[in-house]
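Colleague: Below is the file query.pdb, with PDB, C-alpha atoms.
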```
ATOM      1  CA  MET U  21       0.000   0.000   0.000  1.00  0.00           C
ATOM      2  CA  GLY U  22       2.871   2.372   0.826  1.00  0.00           C
ATOM      3  CA  ALA U  23       4.402   1.888  -2.636  1.00  0.00           C
ATOM      4  CA  ILE U  24       1.064   2.657  -4.309  1.00  0.00           C
ATOM      5  CA  LEU U  25       0.614   5.865  -2.313  1.00  0.00           C
ATOM      6  CA  ILE U  26       4.142   7.044  -3.120  1.00  0.00           C
ATOM      7  CA  ALA U  27       3.647   6.277  -6.824  1.00  0.00           C
ATOM      8  CA  TRP U  28       0.356   8.186  -6.759  1.00  0.00           C
ATOM      9  CA  GLN U  29       2.009  11.222  -5.156  1.00  0.00           C
ATOM     10  CA  ASP U  30       4.754  11.188  -7.787  1.00  0.00           C
ATOM     11  CA  LEU U  31       2.199  11.049 -10.595  1.00  0.00           C
ATOM     12  CA  LYS U  32       0.176  13.913  -9.099  1.00  0.00           C
ATOM     13  CA  ARG U  33       3.319  16.015  -8.885  1.00  0.00           C
ATOM     14  CA  ALA U  34       4.045  15.341 -12.562  1.00  0.00           C
ATOM     15  CA  VAL U  35       0.512  16.390 -13.516  1.00  0.00           C
ATOM     16  CA  ARG U  36       0.917  19.602 -11.494  1.00  0.00           C
ATOM     17  CA  ASP U  37       3.813  20.527 -13.765  1.00  0.00           C
ATOM     18  CA  PRO U  38       1.962  20.908 -17.082  1.00  0.00           C
ATOM     19  CA  VAL U  39       4.825  22.836 -18.674  1.00  0.00           C
ATOM     20  CA  GLY U  40       7.332  20.054 -18.006  1.00  0.00           C
ATOM     21  CA  LEU U  41       4.813  17.416 -19.046  1.00  0.00           C
ATOM     22  CA  ALA U  42       4.010  19.277 -22.265  1.00  0.00           C
ATOM     23  CA  MET U  43       7.688  19.765 -23.084  1.00  0.00           C
ATOM     24  CA  THR U  44       8.345  16.060 -22.604  1.00  0.00           C
ATOM     25  CA  LEU U  45       5.811  15.304 -25.341  1.00  0.00           C
ATOM     26  CA  ALA U  46       5.827  18.495 -27.429  1.00  0.00           C
ATOM     27  CA  VAL U  47       9.534  18.585 -28.306  1.00  0.00           C
ATOM     28  CA  PRO U  48       9.726  15.071 -29.818  1.00  0.00           C
ATOM     29  CA  LEU U  49       6.403  15.579 -31.611  1.00  0.00           C
ATOM     30  CA  ILE U  50       7.605  18.854 -33.128  1.00  0.00           C
ATOM     31  CA  LEU U  51      10.746  17.106 -34.333  1.00  0.00           C
ATOM     32  CA  ILE U  52       8.773  14.226 -35.824  1.00  0.00           C
ATOM     33  CA  VAL U  53       6.487  16.679 -37.652  1.00  0.00           C
ATOM     34  CA  ALA U  54       9.490  18.687 -38.884  1.00  0.00           C
ATOM     35  CA  ILE U  55      11.301  15.554 -40.101  1.00  0.00           C
ATOM     36  CA  GLY U  56       8.094  14.388 -41.777  1.00  0.00           C
ATOM     37  CA  LEU U  57       7.749  17.666 -43.668  1.00  0.00           C
ATOM     38  CA  VAL U  58      11.379  17.520 -44.774  1.00  0.00           C
ATOM     39  CA  ALA U  59      10.817  13.948 -45.981  1.00  0.00           C
ATOM     40  CA  GLY U  60       7.846  15.153 -48.028  1.00  0.00           C
ATOM     41  CA  HIS U  61       5.081  13.860 -45.745  1.00  0.00           C
ATOM     42  CA  THR U  62       1.986  15.951 -45.194  1.00  0.00           C
ATOM     43  CA  PRO U  63       0.192  15.471 -41.856  1.00  0.00           C
ATOM     44  CA  PHE U  64      -3.048  13.472 -42.037  1.00  0.00           C
ATOM     45  CA  GLN U  65      -2.132  12.129 -45.482  1.00  0.00           C
ATOM     46  CA  ARG U  66      -0.843   8.618 -45.835  1.00  0.00           C
ATOM     47  CA  SER U  67       2.558   8.157 -47.457  1.00  0.00           C
ATOM     48  CA  PRO U  68       2.671   6.721 -50.982  1.00  0.00           C
ATOM     49  CA  GLU U  69       2.685   2.950 -51.309  1.00  0.00           C
ATOM     50  CA  GLY U  70       5.987   1.274 -52.112  1.00  0.00           C
ATOM     51  CA  GLY U  71       9.558   2.396 -51.647  1.00  0.00           C
ATOM     52  CA  PHE U  72      11.501   3.131 -48.481  1.00  0.00           C
ATOM     53  CA  ASP U  73       9.732   5.373 -46.000  1.00  0.00           C
ATOM     54  CA  ALA U  74      12.407   7.184 -44.003  1.00  0.00           C
ATOM     55  CA  LEU U  75       9.869   8.343 -41.419  1.00  0.00           C
ATOM     56  CA  SER U  76       9.050   4.736 -40.530  1.00  0.00           C
ATOM     57  CA  TYR U  77      12.673   4.359 -39.431  1.00  0.00           C
ATOM     58  CA  ILE U  78      13.093   7.768 -37.813  1.00  0.00           C
ATOM     59  CA  ALA U  79       9.879   7.746 -35.736  1.00  0.00           C
ATOM     60  CA  PRO U  80      10.829   4.702 -33.586  1.00  0.00           C
ATOM     61  CA  GLY U  81      14.349   6.071 -33.228  1.00  0.00           C
ATOM     62  CA  MET U  82      13.030   9.436 -32.033  1.00  0.00           C
ATOM     63  CA  ALA U  83      10.624   7.763 -29.582  1.00  0.00           C
ATOM     64  CA  LEU U  84      13.495   5.797 -28.020  1.00  0.00           C
ATOM     65  CA  PHE U  85      15.874   8.766 -28.060  1.00  0.00           C
ATOM     66  CA  PHE U  86      13.404  10.877 -26.097  1.00  0.00           C
ATOM     67  CA  MET U  87      12.656   7.966 -23.800  1.00  0.00           C
ATOM     68  CA  MET U  88      16.308   8.153 -22.744  1.00  0.00           C
ATOM     69  CA  LEU U  89      15.989  11.914 -22.232  1.00  0.00           C
ATOM     70  CA  SER U  90      13.074  11.182 -19.907  1.00  0.00           C
ATOM     71  CA  VAL U  91      15.253   8.633 -18.098  1.00  0.00           C
ATOM     72  CA  ARG U  92      17.684  11.470 -17.386  1.00  0.00           C
ATOM     73  CA  GLN U  93      14.841  13.663 -16.124  1.00  0.00           C
ATOM     74  CA  SER U  94      13.487  10.903 -13.872  1.00  0.00           C
ATOM     75  CA  ALA U  95      16.908  10.245 -12.343  1.00  0.00           C
ATOM     76  CA  ARG U  96      17.431  13.964 -11.758  1.00  0.00           C
ATOM     77  CA  THR U  97      14.036  14.254 -10.063  1.00  0.00           C
ATOM     78  CA  ILE U  98      14.903  11.415  -7.677  1.00  0.00           C
ATOM     79  CA  ALA U  99      18.237  13.075  -6.851  1.00  0.00           C
ATOM     80  CA  GLU U 100      16.551  16.434  -6.256  1.00  0.00           C
ATOM     81  CA  ASP U 101      14.049  14.794  -3.890  1.00  0.00           C
ATOM     82  CA  ALA U 102      16.923  13.184  -2.008  1.00  0.00           C
ATOM     83  CA  SER U 103      18.773  16.510  -1.709  1.00  0.00           C
ATOM     84  CA  ARG U 104      15.615  18.155  -0.320  1.00  0.00           C
ATOM     85  CA  GLY U 105      15.251  15.410   2.273  1.00  0.00           C
ATOM     86  CA  VAL U 106      12.033  13.983   0.804  1.00  0.00           C
ATOM     87  CA  ARG U 107      13.286  10.388   0.994  1.00  0.00           C
ATOM     88  CA  ASP U 108      14.540  10.886   4.558  1.00  0.00           C
ATOM     89  CA  ARG U 109      11.119  12.168   5.639  1.00  0.00           C
ATOM     90  CA  LEU U 110       9.462   9.155   4.047  1.00  0.00           C
ATOM     91  CA  ARG U 111      11.867   6.868   5.876  1.00  0.00           C
ATOM     92  CA  ALA U 112      10.911   8.554   9.132  1.00  0.00           C
ATOM     93  CA  ALA U 113       7.300   7.577   8.448  1.00  0.00           C
ATOM     94  CA  PRO U 114       6.161   3.957   8.857  1.00  0.00           C
ATOM     95  CA  VAL U 115       7.124   3.131   5.246  1.00  0.00           C
ATOM     96  CA  ALA U 116       9.661   0.467   4.314  1.00  0.00           C
ATOM     97  CA  ASP U 117      12.613   1.539   2.179  1.00  0.00           C
ATOM     98  CA  ILE U 118      11.692  -1.043  -0.450  1.00  0.00           C
ATOM     99  CA  SER U 119       8.203   0.491  -0.678  1.00  0.00           C
ATOM    100  CA  ILE U 120       9.716   3.923  -1.338  1.00  0.00           C
ATOM    101  CA  THR U 121      11.917   2.527  -4.116  1.00  0.00           C
ATOM    102  CA  ALA U 122       9.040   0.519  -5.590  1.00  0.00           C
ATOM    103  CA  GLY U 123       6.712   3.544  -5.560  1.00  0.00           C
ATOM    104  CA  ASN U 124       9.257   5.836  -7.199  1.00  0.00           C
ATOM    105  CA  THR U 125      10.064   3.197  -9.811  1.00  0.00           C
ATOM    106  CA  ALA U 126       6.411   2.444 -10.623  1.00  0.00           C
ATOM    107  CA  SER U 127       5.564   6.104 -11.217  1.00  0.00           C
ATOM    108  CA  HIS U 128       8.525   6.643 -13.551  1.00  0.00           C
ATOM    109  CA  VAL U 129       7.837   3.402 -15.437  1.00  0.00           C
ATOM    110  CA  LEU U 130       4.236   4.492 -15.979  1.00  0.00           C
ATOM    111  CA  LEU U 131       5.271   7.941 -17.244  1.00  0.00           C
ATOM    112  CA  LEU U 132       7.842   6.459 -19.640  1.00  0.00           C
ATOM    113  CA  PHE U 133       5.281   3.910 -20.854  1.00  0.00           C
ATOM    114  CA  LEU U 134       2.664   6.597 -21.488  1.00  0.00           C
ATOM    115  CA  GLN U 135       5.195   8.784 -23.294  1.00  0.00           C
ATOM    116  CA  LEU U 136       6.004   5.980 -25.720  1.00  0.00           C
ATOM    117  CA  LEU U 137       2.323   5.257 -26.342  1.00  0.00           C
ATOM    118  CA  VAL U 138       1.490   8.933 -26.926  1.00  0.00           C
ATOM    119  CA  LEU U 139       4.359   9.408 -29.385  1.00  0.00           C
ATOM    120  CA  ILE U 140       3.423   6.242 -31.274  1.00  0.00           C
ATOM    121  CA  GLY U 141      -0.267   7.144 -31.296  1.00  0.00           C
ATOM    122  CA  ILE U 142       0.197  10.692 -32.543  1.00  0.00           C
ATOM    123  CA  SER U 143       2.766   9.739 -35.194  1.00  0.00           C
ATOM    124  CA  SER U 144       0.309   7.096 -36.439  1.00  0.00           C
ATOM    125  CA  LEU U 145      -2.491   9.668 -36.501  1.00  0.00           C
ATOM    126  CA  LEU U 146      -0.412  12.271 -38.342  1.00  0.00           C
ATOM    127  CA  TYR U 147       1.291  10.065 -40.914  1.00  0.00           C
ATOM    128  CA  GLY U 148      -0.561   6.764 -40.866  1.00  0.00           C
ATOM    129  CA  LEU U 149       2.548   4.844 -39.813  1.00  0.00           C
ATOM    130  CA  SER U 150       2.060   1.132 -39.214  1.00  0.00           C
ATOM    131  CA  TRP U 151       3.475  -0.063 -35.893  1.00  0.00           C
ATOM    132  CA  GLY U 152       2.118  -3.607 -35.963  1.00  0.00           C
ATOM    133  CA  PRO U 153      -0.344  -5.527 -33.723  1.00  0.00           C
ATOM    134  CA  ALA U 154      -1.604  -3.271 -30.936  1.00  0.00           C
ATOM    135  CA  ALA U 155      -1.406  -5.817 -28.109  1.00  0.00           C
ATOM    136  CA  VAL U 156       2.201  -6.786 -28.853  1.00  0.00           C
ATOM    137  CA  LEU U 157       3.112  -3.135 -29.396  1.00  0.00           C
ATOM    138  CA  VAL U 158       1.820  -2.256 -25.918  1.00  0.00           C
ATOM    139  CA  LEU U 159       3.846  -5.152 -24.476  1.00  0.00           C
ATOM    140  CA  VAL U 160       7.019  -3.898 -26.190  1.00  0.00           C
ATOM    141  CA  CYS U 161       6.455  -0.368 -24.840  1.00  0.00           C
ATOM    142  CA  LEU U 162       5.882  -1.716 -21.319  1.00  0.00           C
ATOM    143  CA  VAL U 163       9.051  -3.824 -21.357  1.00  0.00           C
ATOM    144  CA  LEU U 164      11.033  -0.853 -22.704  1.00  0.00           C
ATOM    145  CA  ALA U 165       9.710   1.363 -19.889  1.00  0.00           C
ATOM    146  CA  ILE U 166      10.593  -1.258 -17.264  1.00  0.00           C
ATOM    147  CA  CYS U 167      14.082  -1.636 -18.741  1.00  0.00           C
ATOM    148  CA  ALA U 168      14.470   2.150 -18.744  1.00  0.00           C
ATOM    149  CA  SER U 169      13.831   2.144 -14.984  1.00  0.00           C
ATOM    150  CA  GLY U 170      17.091   0.218 -14.638  1.00  0.00           C
ATOM    151  CA  TRP U 171      18.940   3.050 -16.378  1.00  0.00           C
ATOM    152  CA  VAL U 172      17.235   5.505 -14.004  1.00  0.00           C
ATOM    153  CA  ALA U 173      18.511   3.513 -11.022  1.00  0.00           C
ATOM    154  CA  LEU U 174      22.043   3.303 -12.438  1.00  0.00           C
ATOM    155  CA  LEU U 175      22.158   7.041 -13.195  1.00  0.00           C
ATOM    156  CA  VAL U 176      21.044   7.846  -9.650  1.00  0.00           C
ATOM    157  CA  SER U 177      23.664   5.540  -8.130  1.00  0.00           C
ATOM    158  CA  LEU U 178      26.482   6.872 -10.333  1.00  0.00           C
ATOM    159  CA  GLY U 179      25.622  10.566 -10.502  1.00  0.00           C
ATOM    160  CA  ARG U 180      24.174  11.098  -7.000  1.00  0.00           C
ATOM    161  CA  THR U 181      23.729  14.876  -7.532  1.00  0.00           C
ATOM    162  CA  PRO U 182      21.236  16.490  -9.991  1.00  0.00           C
ATOM    163  CA  GLY U 183      24.035  18.279 -11.868  1.00  0.00           C
ATOM    164  CA  ARG U 184      26.114  15.155 -12.412  1.00  0.00           C
ATOM    165  CA  ILE U 185      23.068  13.110 -13.359  1.00  0.00           C
ATOM    166  CA  ASN U 186      22.019  15.763 -15.882  1.00  0.00           C
ATOM    167  CA  ALA U 187      25.440  15.735 -17.591  1.00  0.00           C
ATOM    168  CA  LEU U 188      25.845  11.954 -17.460  1.00  0.00           C
ATOM    169  CA  GLY U 189      22.281  11.346 -18.652  1.00  0.00           C
ATOM    170  CA  LEU U 190      22.664  13.709 -21.607  1.00  0.00           C
ATOM    171  CA  ALA U 191      25.940  12.073 -22.642  1.00  0.00           C
ATOM    172  CA  LEU U 192      24.375   8.625 -22.324  1.00  0.00           C
ATOM    173  CA  THR U 193      21.372   9.662 -24.425  1.00  0.00           C
ATOM    174  CA  LEU U 194      23.524  11.056 -27.243  1.00  0.00           C
ATOM    175  CA  VAL U 195      25.911   8.083 -27.256  1.00  0.00           C
ATOM    176  CA  PHE U 196      23.028   5.606 -27.292  1.00  0.00           C
ATOM    177  CA  GLY U 197      21.348   7.520 -30.119  1.00  0.00           C
ATOM    178  CA  ILE U 198      24.517   7.469 -32.228  1.00  0.00           C
ATOM    179  CA  LEU U 199      25.415   3.837 -31.526  1.00  0.00           C
ATOM    180  CA  SER U 200      21.924   2.555 -32.311  1.00  0.00           C
ATOM    181  CA  ARG U 201      21.572   4.949 -35.281  1.00  0.00           C
ATOM    182  CA  SER U 202      18.360   6.362 -33.876  1.00  0.00           C
ATOM    183  CA  PHE U 203      18.790   9.502 -35.986  1.00  0.00           C
ATOM    184  CA  ALA U 204      19.187   7.936 -39.436  1.00  0.00           C
ATOM    185  CA  ALA U 205      19.804   4.543 -40.973  1.00  0.00           C
ATOM    186  CA  VAL U 206      22.451   6.008 -43.296  1.00  0.00           C
ATOM    187  CA  ILE U 207      24.899   6.783 -40.477  1.00  0.00           C
ATOM    188  CA  PRO U 208      27.949   4.560 -41.190  1.00  0.00           C
ATOM    189  CA  SER U 209      28.912   2.166 -38.443  1.00  0.00           C
ATOM    190  CA  ALA U 210      31.831  -0.155 -37.798  1.00  0.00           C
ATOM    191  CA  PRO U 211      31.353  -3.724 -36.503  1.00  0.00           C
ATOM    192  CA  TRP U 212      32.504  -2.683 -33.034  1.00  0.00           C
ATOM    193  CA  MET U 213      29.801   0.009 -32.997  1.00  0.00           C
ATOM    194  CA  ASP U 214      27.168  -2.583 -33.867  1.00  0.00           C
ATOM    195  CA  SER U 215      28.375  -4.717 -30.974  1.00  0.00           C
ATOM    196  CA  LEU U 216      28.218  -1.800 -28.529  1.00  0.00           C
ATOM    197  CA  ALA U 217      24.768  -0.867 -29.821  1.00  0.00           C
ATOM    198  CA  ARG U 218      23.438  -4.156 -28.423  1.00  0.00           C
ATOM    199  CA  MET U 219      24.144  -2.794 -24.946  1.00  0.00           C
ATOM    200  CA  THR U 220      21.552  -0.034 -25.456  1.00  0.00           C
ATOM    201  CA  PRO U 221      17.758  -0.299 -25.084  1.00  0.00           C
ATOM    202  CA  ASN U 222      17.471   1.742 -28.299  1.00  0.00           C
ATOM    203  CA  TYR U 223      18.894  -1.105 -30.375  1.00  0.00           C
ATOM    204  CA  TRP U 224      16.524  -3.763 -29.075  1.00  0.00           C
ATOM    205  CA  GLY U 225      13.545  -1.401 -29.072  1.00  0.00           C
ATOM    206  CA  GLN U 226      14.089  -0.388 -32.691  1.00  0.00           C
ATOM    207  CA  HIS U 227      14.557  -3.996 -33.737  1.00  0.00           C
ATOM    208  CA  ALA U 228      11.281  -4.937 -32.028  1.00  0.00           C
ATOM    209  CA  PHE U 229       9.380  -2.032 -33.609  1.00  0.00           C
ATOM    210  CA  PHE U 230      10.694  -2.905 -37.075  1.00  0.00           C
ATOM    211  CA  SER U 231       9.771  -6.564 -36.640  1.00  0.00           C
ATOM    212  CA  LEU U 232       6.206  -5.594 -35.718  1.00  0.00           C
ATOM    213  CA  ALA U 233       5.933  -3.090 -38.580  1.00  0.00           C
ATOM    214  CA  LEU U 234       6.973  -5.840 -41.018  1.00  0.00           C
ATOM    215  CA  GLY U 235       4.107  -8.021 -39.833  1.00  0.00           C
ATOM    216  CA  GLY U 236       5.749  -9.948 -37.024  1.00  0.00           C
ATOM    217  CA  GLY U 237       4.061 -10.976 -33.802  1.00  0.00           C
ATOM    218  CA  VAL U 238       5.073 -11.770 -30.251  1.00  0.00           C
ATOM    219  CA  THR U 239       7.381 -14.589 -31.424  1.00  0.00           C
ATOM    220  CA  SER U 240       9.409 -12.237 -33.609  1.00  0.00           C
ATOM    221  CA  VAL U 241      10.030  -9.796 -30.745  1.00  0.00           C
ATOM    222  CA  ALA U 242      10.636 -12.434 -28.039  1.00  0.00           C
ATOM    223  CA  PRO U 243      14.466 -12.232 -28.352  1.00  0.00           C
ATOM    224  CA  ASP U 244      14.308  -8.427 -28.077  1.00  0.00           C
ATOM    225  CA  LEU U 245      12.097  -8.588 -24.988  1.00  0.00           C
ATOM    226  CA  ALA U 246      14.389 -11.195 -23.423  1.00  0.00           C
ATOM    227  CA  ALA U 247      17.435  -8.989 -24.053  1.00  0.00           C
ATOM    228  CA  LEU U 248      15.691  -5.997 -22.495  1.00  0.00           C
ATOM    229  CA  GLY U 249      14.688  -8.091 -19.481  1.00  0.00           C
ATOM    230  CA  ILE U 250      18.258  -9.299 -18.936  1.00  0.00           C
ATOM    231  CA  MET U 251      19.522  -5.729 -19.315  1.00  0.00           C
ATOM    232  CA  CYS U 252      17.039  -4.491 -16.705  1.00  0.00           C
ATOM    233  CA  ILE U 253      18.096  -7.113 -14.162  1.00  0.00           C
ATOM    234  CA  ALA U 254      21.786  -6.367 -14.768  1.00  0.00           C
ATOM    235  CA  LEU U 255      21.235  -2.606 -14.378  1.00  0.00           C
ATOM    236  CA  TRP U 256      19.336  -2.928 -11.097  1.00  0.00           C
ATOM    237  CA  ALA U 257      21.987  -5.340  -9.792  1.00  0.00           C
ATOM    238  CA  ALA U 258      24.764  -2.900 -10.742  1.00  0.00           C
ATOM    239  CA  ALA U 259      22.896   0.006  -9.105  1.00  0.00           C
ATOM    240  CA  ALA U 260      22.351  -2.019  -5.917  1.00  0.00           C
ATOM    241  CA  LEU U 261      26.021  -3.078  -5.841  1.00  0.00           C
ATOM    242  CA  ARG U 262      27.122   0.517  -6.355  1.00  0.00           C
ATOM    243  CA  GLY U 263      24.871   1.643  -3.516  1.00  0.00           C
ATOM    244  CA  ARG U 264      26.193  -1.067  -1.189  1.00  0.00           C
ATOM    245  CA  ILE U 265      29.829  -0.205  -1.954  1.00  0.00           C
ATOM    246  CA  ARG U 266      29.135   3.471  -1.305  1.00  0.00           C
ATOM    247  CA  SER U 267      27.385   2.576   1.962  1.00  0.00           C
ATOM    248  CA  VAL U 268      30.359   0.490   3.129  1.00  0.00           C
ATOM    249  CA  LYS U 269      32.806   3.275   2.251  1.00  0.00           C
ATOM    250  CA  GLY U 270      30.623   5.741   4.142  1.00  0.00           C
ATOM    251  CA  LYS U 271      30.987   3.644   7.290  1.00  0.00           C
TER     252      LYS U 271
END
```
Show this structure as structure tokens.

Modeller:
Amino acid sequence: MGAILIAWQDLKRAVRDPVGLAMTLAVPLILIVAIGLVAGHTPFQRSPEGGFDALSYIAPGMALFFMMLSVRQSARTIAEDASRGVRDRLRAAPVADISITAGNTASHVLLLFLQLLVLIGISSLLYGLSWGPAAVLVLVCLVLAICASGWVALLVSLGRTPGRINALGLALTLVFGILSRSFAAVIPSAPWMDSLARMTPNYWGQHAFFSLALGGGVTSVAPDLAALGIMCIALWAAAALRGRIRSVKGK
């Protein structure tokens, strides 16, 4: 119950910041519209049949790129709460530490999940992009959001302060975008870059989205979901280990 109440408070705080919420969605949507216009797409008109549709590649890449920007924002928010003593006050109340972590994580997972769905929904509405079976698509977005929570935890454990998290999160977002070629398929890449790209959620997310768009189902995206699940577990384990080492050093 404590975790649910904490998650609810986090979500209410996000809703009370309409400017930040709008910017989280407005900026990527503006970019998608701008890229669509450059590529010769007119909103609310379906793209011509046949040929390579650059927007079908760029839209998933942009959705995942901005998901990582939101990961940075989530980690910074957690650090700011810690610096203001919010977590310490919650610990003073009859709430278990695991409930606090679970509540914070659940709220950020839900926001990341909704962001992905909104971006996919609006890009489909504007340009008629095909993202594949709805049920499997929702599952992919949920797994991506859960995996992203692991990156939030790792950023918090490594950065500790809002300023460091902001810089580290921005660098991570840009590097992930370049490695996974989220910006354009024509970016040249060496074999070692392709290997490193597999360590990013962007790579597996894009692969899953493309598989669905080509008519695949849950079987075709199962390896991608498994990779994201393993990544999430590894990230949370690394964040917990980092926190334990820091705790021991503090003693």

Colleague: Under the PyMOL selection byres ((chain U and resi 214-217) around 12), which residues of this model are included? Write them out as number ranges by chain.

Modeller: U: 195-202, 207-213, 218-227

Colleague: With only C-alpha atoms as the atoms that count, which of U:Gly152, U:Pro243, U:Gly235, U:Gly263 lies nearest to Gly179 in chain U?

Modeller: U:Gly263

Colleague: Would you kindly translate the PyMOL selection byres ((chain U and resi 192) around 10) into the concrete residues it picks from this file, as a PyMOL selection string?

Modeller: chain U and resi 88-89+92+171+175+186-191+193-198+220

Colleague: Just the selected residues (C-alpha atoms), exported as a compact mmCIF listing (two decimals), keeping the file's coordinate frame, please.

Modeller:
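The new file again-v2.txt reads:
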```txt
# COMPACT_ATOMS: atom_id res chain seq x y z
CA MET U 88 16.31 8.15 -22.74
CA LEU U 89 15.99 11.91 -22.23
CA ARG U 92 17.68 11.47 -17.39
CA TRP U 171 18.94 3.05 -16.38
CA LEU U 175 22.16 7.04 -13.20
CA ASN U 186 22.02 15.76 -15.88
CA ALA U 187 25.44 15.74 -17.59
CA LEU U 188 25.84 11.95 -17.46
CA GLY U 189 22.28 11.35 -18.65
CA LEU U 190 22.66 13.71 -21.61
CA ALA U 191 25.94 12.07 -22.64
CA THR U 193 21.37 9.66 -24.42
CA LEU U 194 23.52 11.06 -27.24
CA VAL U 195 25.91 8.08 -27.26
CA PHE U 196 23.03 5.61 -27.29
CA GLY U 197 21.35 7.52 -30.12
CA ILE U 198 24.52 7.47 -32.23
CA THR U 220 21.55 -0.03 -25.46
```

Colleague: Considering only C-alpha atoms, state which residue in the set U:Ser150, U:Ser144, U:Ser103, U:Gln135 is at the smallest distance from Leu234 in chain U.

Modeller: U:Ser150

Colleague: Please determine, counting all atoms listed in the file, which residue among U:Ile253, U:Ala155, U:Gly56, U:Arg184 has the shortest atom-to-atom distance to Gly170 in chain U.

Modeller: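 Under the stated criterion, the closest residue is U:Ile253.
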
Colleague: Tell me, in Å to one decimal, how far CA of Gly236 in chain U is from CA of Leu131 in chain U.

Modeller: 26.7 Å

Colleague: Output range 221-239 of chain U as a compact mmCIF listing (two decimals), in the coordinates of the input, making sure N, CA and C atoms are there.

Modeller:
```txt
# COMPACT_ATOMS: atom_id res chain seq x y z
N PRO U 221 19.17 0.07 -24.88
CA PRO U 221 17.76 -0.30 -25.08
C PRO U 221 17.25 0.18 -26.44
N ASN U 222 17.88 1.22 -26.99
CA ASN U 222 17.47 1.74 -28.30
C ASN U 222 17.58 0.67 -29.38
N TYR U 223 18.67 -0.08 -29.35
CA TYR U 223 18.89 -1.10 -30.38
C TYR U 223 17.78 -2.14 -30.35
N TRP U 224 17.51 -2.70 -29.18
CA TRP U 224 16.52 -3.76 -29.08
C TRP U 224 15.11 -3.23 -29.30
N GLY U 225 14.85 -2.00 -28.85
CA GLY U 225 13.54 -1.40 -29.07
C GLY U 225 13.27 -1.17 -30.54
N GLN U 226 14.27 -0.62 -31.26
CA GLN U 226 14.09 -0.39 -32.69
C GLN U 226 13.90 -1.70 -33.44
N HIS U 227 14.68 -2.70 -33.07
CA HIS U 227 14.56 -4.00 -33.74
C HIS U 227 13.16 -4.57 -33.52
N ALA U 228 12.63 -4.43 -32.31
CA ALA U 228 11.28 -4.94 -32.03
C ALA U 228 10.23 -4.17 -32.82
N PHE U 229 10.35 -2.84 -32.86
CA PHE U 229 9.38 -2.03 -33.61
C PHE U 229 9.41 -2.37 -35.10
N PHE U 230 10.59 -2.57 -35.65
CA PHE U 230 10.69 -2.90 -37.08
C PHE U 230 10.09 -4.27 -37.36
N SER U 231 10.33 -5.22 -36.46
CA SER U 231 9.77 -6.56 -36.64
C SER U 231 8.25 -6.52 -36.66
N LEU U 232 7.67 -5.72 -35.76
CA LEU U 232 6.21 -5.59 -35.72
C LEU U 232 5.68 -4.90 -36.97
N ALA U 233 6.38 -3.84 -37.40
CA ALA U 233 5.93 -3.09 -38.58
C ALA U 233 5.97 -3.96 -39.84
N LEU U 234 6.86 -4.95 -39.87
CA LEU U 234 6.97 -5.84 -41.02
C LEU U 234 6.00 -7.01 -40.94
N GLY U 235 5.13 -6.99 -39.93
CA GLY U 235 4.11 -8.02 -39.83
C GLY U 235 4.38 -9.10 -38.82
N GLY U 236 5.42 -8.95 -38.03
CA GLY U 236 5.75 -9.95 -37.02
C GLY U 236 4.81 -9.89 -35.83
N GLY U 237 4.89 -10.91 -35.00
CA GLY U 237 4.06 -10.98 -33.80
C GLY U 237 4.93 -11.12 -32.57
N VAL U 238 4.35 -11.67 -31.52
CA VAL U 238 5.07 -11.77 -30.25
C VAL U 238 6.30 -12.68 -30.37
N THR U 239 6.23 -13.69 -31.25
CA THR U 239 7.38 -14.59 -31.42
C THR U 239 8.57 -13.85 -32.01
```
